Amino acid sequence: MAVTTSITAHRAPVAPRAKRMARRALIYAALLFWSFICLFPIYWTVTTSFKSAVDVTQAHLIPWVDFHPDWKGWRSLGLSPDTLFETSTARSEFVNRFINSIITSVGASVLALILGSLAAYGLSRFRYKFAWMRNDDILFFFMSQLILPPVVLALPFLVLYKALALLDTTFGLILLYTLTVLPIVIWIMRDQFNAIPIELDEAAFVDGLSTWGAFLRIILPLAFPGMAAAFILSLVLCWNEYFFAALLTSTDAKTLPVMVASQTGSQGINWWSMAALSTAAIAPLVLIGIFLERYIVSGLTTGAGK
Amino acid sequence: MKRAMRRRATVGRILIGLASLVFLLVLVVQVLHAAGAIAAGFSTWRPILIVYLLWAIAFGTAQVLMRGERGQRALFLLPAVFFTVAVVIFPTIFGLYIASLDWNLSSIEGPHFSGLDNVRAMLSDAYYWNALSNMVFYSVAVLGEYAIAFALALLLSAEIRARKFFRVVFLLPMMLSPVAVSWMIGKSLLEYRFGPAATLARYLGWDNPAFFASPWMARFTIQAMDAWVSIPFIMIILLAGLQAMPKEVQEAAKVDGANGWQSFWHVTFPIMLPVSITVLIIRIIFKLKLADIVINVTAGGPGGATDTVSSFIYRVYRDRSNVGYGTALAMVYLLLIIVLLTLMLRLSKRWTQRVT
């Protein structure tokens with residue numbers, strides 16, 4: 001051990017350039033390797049949606065070189081160019097699930113943003129006393145819901161929703177999804193409001209605005225970056241949610257993950273159509289990941305590094 | 001002025017009383033109707049939800065009437081509180097009640113009270129204990145995810161070109177839905193006959209690349225897939241921590257002649273310890289909810305080797321429609337999680353205090 005360290009110590013001044021080059025090469029090699037790990041499954045899924053059976057079984061990988069791309073998978077979904085304008089039951093089901101997913105995740109994110117922003121502003125600006133609970137306790141009360149595993153609520157909700165006639169409704173799912181993202185929204189928004197100086201509120205009061213007027217007209221517009229981060233993050237979480245949707249929906253309110261899962265379960269999977277379905281299901285998220293990454297990162301790192 | 005205020009307070013009090021009265025009345029009528037005592041009532045319980053909403057609105061209005069400015073302030077917090085009470089607190093308490101029932105949704109006879117029978121059945125349910133011990137494995141595996149994520153965060157904070165590109169690429173797996181990942185990786189990439197991963201494994205000399213056949217292999221594969229999805233989350237938090245770290249500290253270590261490993265181990269790692277502990281705890285909380293991938297790839301198999309508590313309870317319900325038993329299992333699990341987390345928070349607090 002001592003020998004090796006002394007050798008490197010000797011060598012360092014002799015060839016610092018070569019060593020630095022080697023170090024950089026190693027870093028880039030590691031970066032590229034992990035990029036490959038992150039991207040290959042996505043690449044594989046997208047290309048498989050253009051393959052035919054032979055290409056799948058012979059593990060052809062590169063389009064136009066190994067195999068000739070074909071719209072087969074997309075045709076079975078009714079989304080290929082030649083079937084796009086014909087009627088297709090597969091497509092209408094897919095579009096239906098897609099719209100369900102959009103309504104559910106946007107609805108839940110908006111509701112969580114409204115409830116969460118109000119609570120976060122209150123917690124950031126005023127001092128509450130509710131029985132023995134003060135601000136920190138109330139915040140902990142909201143955050144503690146994060147530890148609740150979905151299974152704990154799933155079966156009670158099944159029974160309750162049956163009684164309330166909310167099973168298999170989009171509204172029922174929206175309520176549940178709101179509760180799963182609410183703690184995260186409160187966390188992000190409270191940080192955001194804390195970053196806005198309280199002098200702005202005071203100036204608004206001097207100008208004659210009420211508590212709510214100051215909040216709605218002065219503070220809320222300033223909190224837009226935090227709201228965008230919270231909204232996009234909850235959108236992604238709700239879009240991907242599977243557990244509640246699998247238990248609580250059957251036909252009408254089914255979301256995209258449930259559709260993908262039910263297709264996977266069927267025997268003798270059609271690789272190309274499954275790949276096309278998966279591609280279509282992850283496409284919105286990949287786009288969000290590429291173009292709105294900034295907001296996701298700022299939302300996730302709220303409070304980190306402080 | 002004072003009289004006007006007092007009158008408003010009275011109006012507020014009357015409003016609350018009236019709303020509570022209506023709420024209770026509707027509730028009692030509906031309970032009696034459901035019990036079959038009276039004919040009047042609603043076909044579903046939905047009106048109860050609406051009456052609750054109206055009661056909440058009346059309560060909020062009354063707060064403003066009674067307490068003025070302080071009532072307006074309370075109005076910020078009340079919607080979230082009422083929402084949480086309705087969809088978290090009440091269902092959890094209701095769940096405790098269901099947990100004490102012998103209730104099979106698919107059988108004709110309704111629920112009947114069975115006390116602690118479900119818990120007793122749980123004690124001798126080998127599959128449940130097996131699922132719990134799997135959770136121990138999955139939770140410990142978070143340390144592996146953390147090590148990889150830390151390495152990636154260090155890579156991203158090194159002086160590199162195209163940092164933004166790599167950051168976006170490294171984040172992508174987190175965005176994908178676990179269900180899609182189940183198919184993309186579990187069912188197609190790792191497929192035994194022609195999945196590219198199996199082909200690669202054969203090429204490397206593993207004759208029989210069955211990723212889900214033996215219990216340990218299956219467990220590791222499920223863990224690897226979950227790690228693929230969740231490493232970006234840990235990485236991004238650690239990266240934020242690294243970027244918030246003062247540059248002088250690193251420079252000072254360099255001046256002192258520390259090499260890369262030494263400056264990491266003696267400088268970077270201790271500074272990152274609080275962030276690390278936070279992210280590890282958050283990650284374990286999320287890991288304890290792991291279900292989607294297991295349900296969709298292995299359905300808990302082979303022989304329960306990959307089962308998580310959530311996926312096991314999911315199957316208890318799906319295969320046996322046993323709501324009472326499933327809820328009892330979930331409640332015990334929640335209890336265990338609360339105890340474990342309290343312990344972890346205590347320990348981590350004490351530990352960070354001692355280190356710093």
# chains A, B, ... in the order shown; residues from 1 in each chain; ligands from 1
>>> select_by_dssp(residues="range 45-294 of chain B", states="helix (DSSP H, G or I)", output="PyMOL selection string")
chain B and resi 46-67+69-99+117-123+126-140+142-157+163-175+178-189+196-203+215-244+247-255+260-287+292-294
>>> residues_around(residues="Leu154 in chain B", least_positions_apart="2", cutoff="12 Å", atoms="only C-alpha atoms", output="PyMOL selection string")
(chain A and resi 27+30-31) or (chain B and resi 147-152+156-160+163+167+235-243+260-261+264+268-269+272)
>>> interface_residues(of="chain A", to="chain B", cutoff="6 Å", atoms="only C-alpha atoms", output="list of chain:residue names")
A:Thr57, A:Leu115, A:Leu118, A:Ala119, A:Gly122, A:Ile147, A:Pro149, A:Val151, A:Val152, A:Pro156, A:Ala163, A:Leu164, A:Asn240, A:Pro257, A:Ser278, A:Ile282, A:Leu285, A:Thr301, A:Gly305
>>> write_last_selection(atoms="N, CA and C atoms", output="PDB file, in the first residue's frame")
ATOM      1  N   THR A  57     -37.055 -11.630 -32.735  1.00  0.00           N
ATOM      2  CA  THR A  57     -36.438 -12.882 -32.311  1.00  0.00           C
ATOM      3  C   THR A  57     -34.952 -12.908 -32.639  1.00  0.00           C
ATOM      4  N   LEU A 115     -55.113  23.805  -2.803  1.00  0.00           N
ATOM      5  CA  LEU A 115     -55.131  23.514  -1.359  1.00  0.00           C
ATOM      6  C   LEU A 115     -53.758  23.731  -0.747  1.00  0.00           C
ATOM      7  N   LEU A 118     -52.502  27.525  -0.547  1.00  0.00           N
ATOM      8  CA  LEU A 118     -53.170  28.251   0.536  1.00  0.00           C
ATOM      9  C   LEU A 118     -52.564  27.863   1.879  1.00  0.00           C
ATOM     10  N   ALA A 119     -52.473  26.552   2.116  1.00  0.00           N
ATOM     11  CA  ALA A 119     -51.949  26.104   3.403  1.00  0.00           C
ATOM     12  C   ALA A 119     -50.504  26.549   3.577  1.00  0.00           C
ATOM     13  N   GLY A 122     -50.316  30.214   4.442  1.00  0.00           N
ATOM     14  CA  GLY A 122     -50.703  30.399   5.835  1.00  0.00           C
ATOM     15  C   GLY A 122     -49.587  30.000   6.782  1.00  0.00           C
ATOM     16  N   ILE A 147     -45.603   9.082   4.610  1.00  0.00           N
ATOM     17  CA  ILE A 147     -45.188   7.729   4.994  1.00  0.00           C
ATOM     18  C   ILE A 147     -46.309   6.721   4.827  1.00  0.00           C
ATOM     19  N   PRO A 149     -48.362   4.176   3.350  1.00  0.00           N
ATOM     20  CA  PRO A 149     -48.292   3.415   2.098  1.00  0.00           C
ATOM     21  C   PRO A 149     -49.684   3.323   1.477  1.00  0.00           C
ATOM     22  N   VAL A 151     -51.348   0.970   0.298  1.00  0.00           N
ATOM     23  CA  VAL A 151     -52.194  -0.166   0.692  1.00  0.00           C
ATOM     24  C   VAL A 151     -53.062   0.134   1.889  1.00  0.00           C
ATOM     25  N   VAL A 152     -52.554   0.978   2.799  1.00  0.00           N
ATOM     26  CA  VAL A 152     -53.332   1.253   4.003  1.00  0.00           C
ATOM     27  C   VAL A 152     -54.661   1.899   3.644  1.00  0.00           C
ATOM     28  N   PRO A 156     -59.816   0.474   2.510  1.00  0.00           N
ATOM     29  CA  PRO A 156     -60.887   1.321   3.038  1.00  0.00           C
ATOM     30  C   PRO A 156     -61.548   2.177   1.951  1.00  0.00           C
ATOM     31  N   ALA A 163     -69.723   2.686  -1.344  1.00  0.00           N
ATOM     32  CA  ALA A 163     -70.883   3.287  -0.694  1.00  0.00           C
ATOM     33  C   ALA A 163     -71.200   4.651  -1.287  1.00  0.00           C
ATOM     34  N   LEU A 164     -70.156   5.381  -1.691  1.00  0.00           N
ATOM     35  CA  LEU A 164     -70.358   6.728  -2.221  1.00  0.00           C
ATOM     36  C   LEU A 164     -70.628   6.723  -3.714  1.00  0.00           C
ATOM     37  N   ASN A 240     -48.081   8.681 -13.449  1.00  0.00           N
ATOM     38  CA  ASN A 240     -47.468   7.361 -13.316  1.00  0.00           C
ATOM     39  C   ASN A 240     -48.155   6.467 -12.303  1.00  0.00           C
ATOM     40  N   PRO A 257     -51.622   3.773 -17.260  1.00  0.00           N
ATOM     41  CA  PRO A 257     -50.831   2.684 -16.663  1.00  0.00           C
ATOM     42  C   PRO A 257     -51.630   1.397 -16.493  1.00  0.00           C
ATOM     43  N   SER A 278     -46.205   1.193 -24.932  1.00  0.00           N
ATOM     44  CA  SER A 278     -45.295   1.757 -23.928  1.00  0.00           C
ATOM     45  C   SER A 278     -44.708   3.068 -24.412  1.00  0.00           C
ATOM     46  N   ILE A 282     -45.009   6.597 -22.447  1.00  0.00           N
ATOM     47  CA  ILE A 282     -43.910   7.339 -21.816  1.00  0.00           C
ATOM     48  C   ILE A 282     -43.542   8.604 -22.587  1.00  0.00           C
ATOM     49  N   LEU A 285     -43.940  11.954 -20.897  1.00  0.00           N
ATOM     50  CA  LEU A 285     -43.031  12.130 -19.772  1.00  0.00           C
ATOM     51  C   LEU A 285     -41.624  12.401 -20.240  1.00  0.00           C
ATOM     52  N   THR A 301     -35.407  19.435  -5.323  1.00  0.00           N
ATOM     53  CA  THR A 301     -34.301  19.809  -4.445  1.00  0.00           C
ATOM     54  C   THR A 301     -34.707  20.886  -3.450  1.00  0.00           C
ATOM     55  N   GLY A 305     -29.624  20.784   0.679  1.00  0.00           N
ATOM     56  CA  GLY A 305     -28.405  21.581   0.642  1.00  0.00           C
ATOM     57  C   GLY A 305     -28.492  22.852   1.468  1.00  0.00           C
TER      58      GLY A 305
END
>>> atom_distance(atom1="CA of Arg8 in chain B", atom2="CA of Met66 in chain B")
6.2 Å
>>> closest_residue(among="A:Gln263, A:Ser35, A:Thr169, A:Thr279", to="Ala90 in chain A", atoms="only C-alpha atoms")
A:Gln263
>>> residues_around(residues="range 216-232 of chain A", least_positions_apart="2", cutoff="8 Å", atoms="only C-alpha atoms", output="list in words")
Ser109, Val110, Leu113, Ile184, Val185, Ile188, Met189, Gln192, Phe193, Ile196, Leu200, Asp201, Ala204, Trp212, Gly213, Ala214, Ser234, Leu235, Val236, Tyr295, Ile296, Ser298 and Gly299 of chain A
>>> residues_around(residues="Leu111 in chain A", least_positions_apart="2", cutoff="10 Å", atoms="only C-alpha atoms", output="PyMOL selection string")
chain A and resi 105-109+113-117+174-175+177-179+181-182+231
>>> residues_around(residues="Lys254 in chain A", least_positions_apart="4", cutoff="8 Å", atoms="only C-alpha atoms", output="list of chain:residue names")
A:Arg97, A:Asn100, A:Ser101, A:Asp168, A:Ala245, A:Ala246, A:Thr249, A:Ser250, A:Val258, A:Met259
>>> residues_around(residues="Trp55 in chain B", least_positions_apart="4", cutoff="12 Å", atoms="only C-alpha atoms", output="PyMOL selection string")
chain B and resi 15-24+26+48-51+59-62+79+82
>>> write_last_selection(atoms="C-alpha atoms", output="compact mmCIF listing (two decimals), in the first residue's frame")
# COMPACT_ATOMS: atom_id res chain seq x y z
CA LEU B 15 -74.31 29.20 11.28
CA ILE B 16 -72.00 26.56 12.74
CA GLY B 17 -74.76 25.15 14.91
CA LEU B 18 -77.20 25.01 12.04
CA ALA B 19 -74.71 23.39 9.66
CA SER B 20 -73.71 20.81 12.27
CA LEU B 21 -77.37 20.05 12.93
CA VAL B 22 -78.08 19.48 9.23
CA PHE B 23 -74.97 17.33 8.89
CA LEU B 24 -75.88 15.17 11.87
CA VAL B 26 -78.59 13.69 7.28
CA ILE B 48 -73.06 12.74 3.04
CA LEU B 49 -70.05 13.96 1.11
CA ILE B 50 -71.97 16.98 -0.16
CA VAL B 51 -73.30 17.80 3.31
CA PHE B 59 -67.55 26.54 9.24
CA GLY B 60 -65.09 28.64 7.22
CA THR B 61 -67.59 31.46 6.77
CA ALA B 62 -68.42 31.39 10.46
CA PRO B 79 -59.36 23.75 3.12
CA PHE B 82 -60.74 19.53 5.98
>>> atom_distance(atom1="CA of Phe142 in chain A", atom2="CA of Trp187 in chain A")
9.0 Å
